[in-house]
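Here the structure comes first, spelled out in structure tokens, and everything after it is commentary.
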Protein chains: 2
Amino acid sequence: MSQTVRILLFFLLLPLGGAFAQELPSWNDGASKQAIVEFVKKVTTEGGADYVAPEDRIAVFDNDGTLWTEQPFYFQLGFALDRVKALSPEHPEWKEKEPFKSVLAGDLKGIAKGGEKGMVELIMETHAGMTTDDFNRIVTDWFASARHPKTGKPYNEMTFLPMRELLDYLRANGFKTFIVSGGGVEFMRPITEKAYGIPPEQVVGSTITTQYALVDDTPVLNRLPKIDFVDDGPGKPVGINKFIGRRPIFAAGNSDGDYEMLRWVTAGPAPRFAMIVHHTDADREYAYDRKSDFGKLDKTLDEAASRNWLVVDMKADWKKIYAFDQ
Amino acid sequence: MSQTVRILLFFLLLPLGGAFAQELPSWNDGASKQAIVEFVKKVTTEGGADYVAPEDRIAVFDNDGTLWTEQPFYFQLGFALDRVKALSPEHPEWKEKEPFKSVLAGDLKGIAKGGEKGMVELIMETHAGMTTDDFNRIVTDWFASARHPKTGKPYNEMTFLPMRELLDYLRANGFKTFIVSGGGVEFMRPITEKAYGIPPEQVVGSTITTQYALVDDTPVLNRLPKIDFVDDGPGKPVGINKFIGRRPIFAAGNSDGDYEMLRWVTAGPAPRFAMIVHHTDADREYAYDRKSDFGKLDKTLDEAASRNWLVVDMKADWKKIYAFDQ
């Protein structure tokens, strides 16, 4: 090869090599990163056997434990607890009434004892009884002021940098990215655009019933103390079908609450990709799976290998967890 | 001005003039077209007082009577009637049972007599009891074979050309366009991409309850005979909030079923735009408003002027109705 050709090739390949090096920079080189990149290349290679048209490149992501931390409690539960404290002066009866009594005493185990019934009561008292505009403001204010008990950081900064890179990488390859979370849709929407580059209309989640009304001849939507839809477990394929209306080709989750979503996505005709974030890093984040109160990962982990779902090992696969890590 | 400058200016302005001439070509020049174009220029002029960032340029469109014809009956009702006929051999009891008896006799007035109860029964028998994949296939097949009683054309070709141009024009100006219809979301989604350039995930509509299940270990979503959400009247702002999650700045409707949507959209801080398609053309389409069984337009027409909602006069404002018109 002549020196000139060599130099020309060097400059021709430079941008290409540079682009590859830029992919998923917070992921360690290894099987996980390789599996993701290979899938994306496969479905975006025009003329290839596995090519997928851009409009069908739908990717869905669970939120709690997949895109951001979910320990020592779901951030939305943290919000509900703070709201109970803020509203307690107007509710002297809460001092003697569960689950509010446990909340005001800071007794997480007491709250857990109340089970689903207690949780629904907490949500109804803190998430309903105001207009959608008011709730949006309350949520936005909370994110601006509340701090995570372990890191001391605003909750919306505790997103996983490698996952944000993955979202960017997919979008750069023509994917449309959606959140499909058990969390309340109106709790997430005020912050998803900034946190993940995902606009409100691409956030699927649990919903409370709202009702149109006129107040002084101005239209409002009132949030009623009534669950409309639970986007968790078998509700996730239902939510995907209802809100998105076509089957995604890529799904990411981290718990048994994502099991049916991963099944639904990977049951479509190939190519499909599913991954699980496995929390293995007690130092930099948390380590938990089968026994956790939040984000229990058991059956989904058992079946991952036989179903060809990628298990991402947070400790081994990720160079950094949060953008604010040194 | 020198001849050279004149020629230079001519060539400089040519593409600009050309672009203006290309806007909404099936709309007659006049106040309606002018109002639309002025609004779009206003919200897209960077540095202007009314500039709206692209992510907030959300536009919502009713479907029946706004984007396509809704006479002599909603197309989805035509679908339901054809399904009853197709399924009738398996249901000999329908010959004696309303509303099926009237359907099989082709008696539209008899069907109307059954009221909402009859309509719900019709929908449940024809829209539930199969998987979402099966329903998608049935709808797609129906659109391929069924013909409109007046034009003899496939229903999905009976979209209004001026409205399709308006969708294109808004999208070319950075708007994200959504359908917000009382129609069933899974009846519309198979055809909206081709008919309007609107992908399934940007179609908001009424929904039936679906349930995740495994059939021979393959995940399916079953359509249950249960209404989940009615996206009509006061349901439209609810649907917009639930599915889109922010308030649109542009809304188009044609009936009292769109009233609350128009109120909700125009109650936001300025600039906002709302328009009503008024069916005034009995020759080229249909002429109806206050007395119609389908798409009744009464209160909304009364309040349009005082609320500054544009009333589009189909006969006067549109050069062509359908793309297939000569």
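Identifiers in the structure tokens: chain A, B, ... in order shown; residue index from 1 per chain; ligand index from 1 in order shown.
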
**Request:** Residues of chain A near chain B: apply a cut-off of 7 Å, count only C-alpha atoms, and supply the list as JSON, numbers by chain.
**Result:** {"A": [200, 201, 210, 211, 212, 218, 219, 234, 237, 238, 243, 244, 245, 263, 264, 267]}

Would you mind exporting N, CA and C atoms of the selected residues as an mmCIF file, in the first residue's frame?
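The result, stored in out-v1.cif:
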data_model
loop_
_atom_site.group_PDB
_atom_site.id
_atom_site.type_symbol
_atom_site.label_atom_id
_atom_site.label_comp_id
_atom_site.auth_asym_id
_atom_site.auth_seq_id
_atom_site.Cartn_x
_atom_site.Cartn_y
_atom_site.Cartn_z
ATOM 1 N N PRO A 200 -43.113 14.528 27.310
ATOM 2 C CA PRO A 200 -44.250 14.014 28.082
ATOM 3 C C PRO A 200 -45.085 12.986 27.331
ATOM 4 N N GLU A 201 -45.297 13.219 26.032
ATOM 5 C CA GLU A 201 -46.185 12.327 25.265
ATOM 6 C C GLU A 201 -45.553 10.968 25.017
ATOM 7 N N THR A 210 -59.068 11.656 36.045
ATOM 8 C CA THR A 210 -59.232 13.111 36.080
ATOM 9 C C THR A 210 -60.574 13.468 35.461
ATOM 10 N N GLN A 211 -61.074 14.643 35.822
ATOM 11 C CA GLN A 211 -62.397 15.058 35.374
ATOM 12 C C GLN A 211 -62.365 16.520 34.966
ATOM 13 N N TYR A 212 -62.962 16.767 33.814
ATOM 14 C CA TYR A 212 -63.049 18.131 33.286
ATOM 15 C C TYR A 212 -64.105 18.919 34.062
ATOM 16 N N THR A 218 -63.397 28.880 33.810
ATOM 17 C CA THR A 218 -62.116 28.444 33.245
ATOM 18 C C THR A 218 -62.025 26.921 33.337
ATOM 19 N N PRO A 219 -61.695 26.243 32.208
ATOM 20 C CA PRO A 219 -61.609 24.779 32.245
ATOM 21 C C PRO A 219 -60.427 24.310 33.084
ATOM 22 N N PRO A 234 -48.547 -7.268 34.331
ATOM 23 C CA PRO A 234 -49.335 -7.504 33.117
ATOM 24 C C PRO A 234 -49.973 -6.224 32.577
ATOM 25 N N PRO A 237 -47.812 -4.483 29.079
ATOM 26 C CA PRO A 237 -48.208 -4.684 27.675
ATOM 27 C C PRO A 237 -49.514 -3.957 27.345
ATOM 28 N N VAL A 238 -50.437 -3.928 28.302
ATOM 29 C CA VAL A 238 -51.700 -3.205 28.094
ATOM 30 C C VAL A 238 -51.411 -1.716 27.867
ATOM 31 N N PHE A 243 -51.176 3.174 24.748
ATOM 32 C CA PHE A 243 -50.558 4.482 24.525
ATOM 33 C C PHE A 243 -49.712 4.528 23.252
ATOM 34 N N ILE A 244 -49.017 3.435 22.941
ATOM 35 C CA ILE A 244 -48.074 3.449 21.816
ATOM 36 C C ILE A 244 -48.710 2.819 20.574
ATOM 37 N N GLY A 245 -49.439 1.729 20.789
ATOM 38 C CA GLY A 245 -50.198 1.161 19.679
ATOM 39 C C GLY A 245 -49.402 0.299 18.713
ATOM 40 N N ARG A 263 -41.646 -10.166 27.972
ATOM 41 C CA ARG A 263 -42.260 -11.260 27.219
ATOM 42 C C ARG A 263 -42.973 -10.717 25.978
ATOM 43 N N TRP A 264 -43.779 -9.681 26.178
ATOM 44 C CA TRP A 264 -44.581 -9.107 25.095
ATOM 45 C C TRP A 264 -43.682 -8.599 23.956
ATOM 46 N N ALA A 267 -41.847 -11.485 22.117
ATOM 47 C CA ALA A 267 -42.715 -12.451 21.434
ATOM 48 C C ALA A 267 -43.004 -12.029 19.993
#

**Request:** List the neighbours of Ile36 of chain B out to 12 Å using only C-alpha atoms; skip same-chain residues closer than 4 positions along the sequence, and give me the result as a PyMOL selection string.
**Result:** chain B and resi 23-24+27+29-32+40-43+163+165-167+169-170+250-252+272-275+309-312

Would you export the selected residues with C-alpha atoms as a PDB file, in the first residue's frame, please?
ATOM      1  CA  GLU B  23     -48.950  26.571   1.264  1.00  0.00           C
ATOM      2  CA  LEU B  24     -52.361  24.963   1.579  1.00  0.00           C
ATOM      3  CA  TRP B  27     -57.592  26.301   0.296  1.00  0.00           C
ATOM      4  CA  ASP B  29     -57.315  32.598  -0.631  1.00  0.00           C
ATOM      5  CA  GLY B  30     -59.369  34.326   2.018  1.00  0.00           C
ATOM      6  CA  ALA B  31     -59.774  35.019   5.695  1.00  0.00           C
ATOM      7  CA  SER B  32     -59.626  31.365   6.839  1.00  0.00           C
ATOM      8  CA  VAL B  40     -48.216  29.674  12.159  1.00  0.00           C
ATOM      9  CA  LYS B  41     -45.888  32.513  11.160  1.00  0.00           C
ATOM     10  CA  LYS B  42     -46.436  34.190  14.520  1.00  0.00           C
ATOM     11  CA  VAL B  43     -45.523  31.170  16.645  1.00  0.00           C
ATOM     12  CA  MET B 163     -56.937  19.125   6.104  1.00  0.00           C
ATOM     13  CA  GLU B 165     -52.392  19.822   3.593  1.00  0.00           C
ATOM     14  CA  LEU B 166     -52.911  21.581   6.907  1.00  0.00           C
ATOM     15  CA  LEU B 167     -51.343  18.638   8.787  1.00  0.00           C
ATOM     16  CA  TYR B 169     -48.055  22.467   6.727  1.00  0.00           C
ATOM     17  CA  LEU B 170     -48.052  22.353  10.533  1.00  0.00           C
ATOM     18  CA  PHE B 250     -53.723  24.335  18.047  1.00  0.00           C
ATOM     19  CA  ALA B 251     -57.008  22.402  17.883  1.00  0.00           C
ATOM     20  CA  ALA B 252     -59.414  21.536  15.079  1.00  0.00           C
ATOM     21  CA  ARG B 272     -53.651  29.524  20.872  1.00  0.00           C
ATOM     22  CA  PHE B 273     -55.645  28.653  17.783  1.00  0.00           C
ATOM     23  CA  ALA B 274     -58.924  26.787  17.399  1.00  0.00           C
ATOM     24  CA  MET B 275     -60.934  26.058  14.281  1.00  0.00           C
ATOM     25  CA  TRP B 309     -62.570  30.274  17.049  1.00  0.00           C
ATOM     26  CA  LEU B 310     -62.217  30.196  13.253  1.00  0.00           C
ATOM     27  CA  VAL B 311     -65.223  28.715  11.433  1.00  0.00           C
ATOM     28  CA  VAL B 312     -64.069  27.180   8.165  1.00  0.00           C
TER      29      VAL B 312
END

**Request:** Return as a PyMOL selection string the full set of residues in segment 74-319 of chain A whose backbone-based DSSP assignment is strand (DSSP E).
**Result:** chain A and resi 176-184+203-215+218-229+250-253+273-278+310-313

**Asked** Among segment 133-270 of chain B, which ones does DSSP place in helix (DSSP H, G or I), written as a VMD selection string?
**Response** chain B and resid 133 to 145 155 to 157 161 to 172 185 to 196 200 to 202 235 to 244 256 to 266

**Request:** Counting only C-alpha atoms, figure out which residue out of A:Ala59, A:Ile179, A:Ile321, A:Met124 gets nearest to Glu285 of chain A.
**Result:** A:Ile321

**Request:** For Ala316 of chain B, list every protein, DNA or RNA residue within 9 Å, evaluated using only C-alpha atoms, and leave out those in the same chain fewer than 2 positions away; present the list as a PyMOL selection string.
**Result:** chain B and resi 28+280-281+312-314+318-319

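Interatomic distance, atom CA of Gly257 of chain B against atom CA of Ile227 of chain A: 25.4 Å.
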
Shell of 12 Å around Ser145 of chain B, only C-alpha atoms, local chain residues under 2 positions omitted, as an mmCIF file with C-alpha atoms, in the first residue's frame:
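The resulting file, part_0.cif, is reproduced below:
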data_model
loop_
_atom_site.group_PDB
_atom_site.id
_atom_site.type_symbol
_atom_site.label_atom_id
_atom_site.label_comp_id
_atom_site.auth_asym_id
_atom_site.auth_seq_id
_atom_site.Cartn_x
_atom_site.Cartn_y
_atom_site.Cartn_z
ATOM 1 C CA PHE B 79 -67.583 -1.236 10.175
ATOM 2 C CA ASP B 82 -70.627 -4.996 8.269
ATOM 3 C CA ILE B 138 -60.039 -7.421 10.745
ATOM 4 C CA VAL B 139 -59.941 -3.615 10.591
ATOM 5 C CA THR B 140 -57.209 -3.603 7.936
ATOM 6 C CA ASP B 141 -59.152 -6.073 5.794
ATOM 7 C CA TRP B 142 -62.340 -4.064 6.145
ATOM 8 C CA PHE B 143 -60.700 -0.846 4.962
ATOM 9 C CA ARG B 147 -66.857 1.076 0.053
ATOM 10 C CA HIS B 148 -68.675 4.272 1.019
ATOM 11 C CA GLY B 152 -68.084 4.206 -3.813
ATOM 12 C CA LYS B 153 -64.569 4.902 -2.560
ATOM 13 C CA PRO B 154 -62.624 3.107 0.197
ATOM 14 C CA TYR B 155 -63.395 4.890 3.466
ATOM 15 C CA ASN B 156 -59.745 5.693 4.171
#

**Message:** If I take atom CA of Asp293 of chain A and atom CA of Phe135 of chain A, how far is one from the other in Å, to one decimal?
**Reply:** 27.2 Å

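When atom CA of Glu121 of chain B is paired with atom CA of Gly183 of chain B, their separation reads 15.7 Å.
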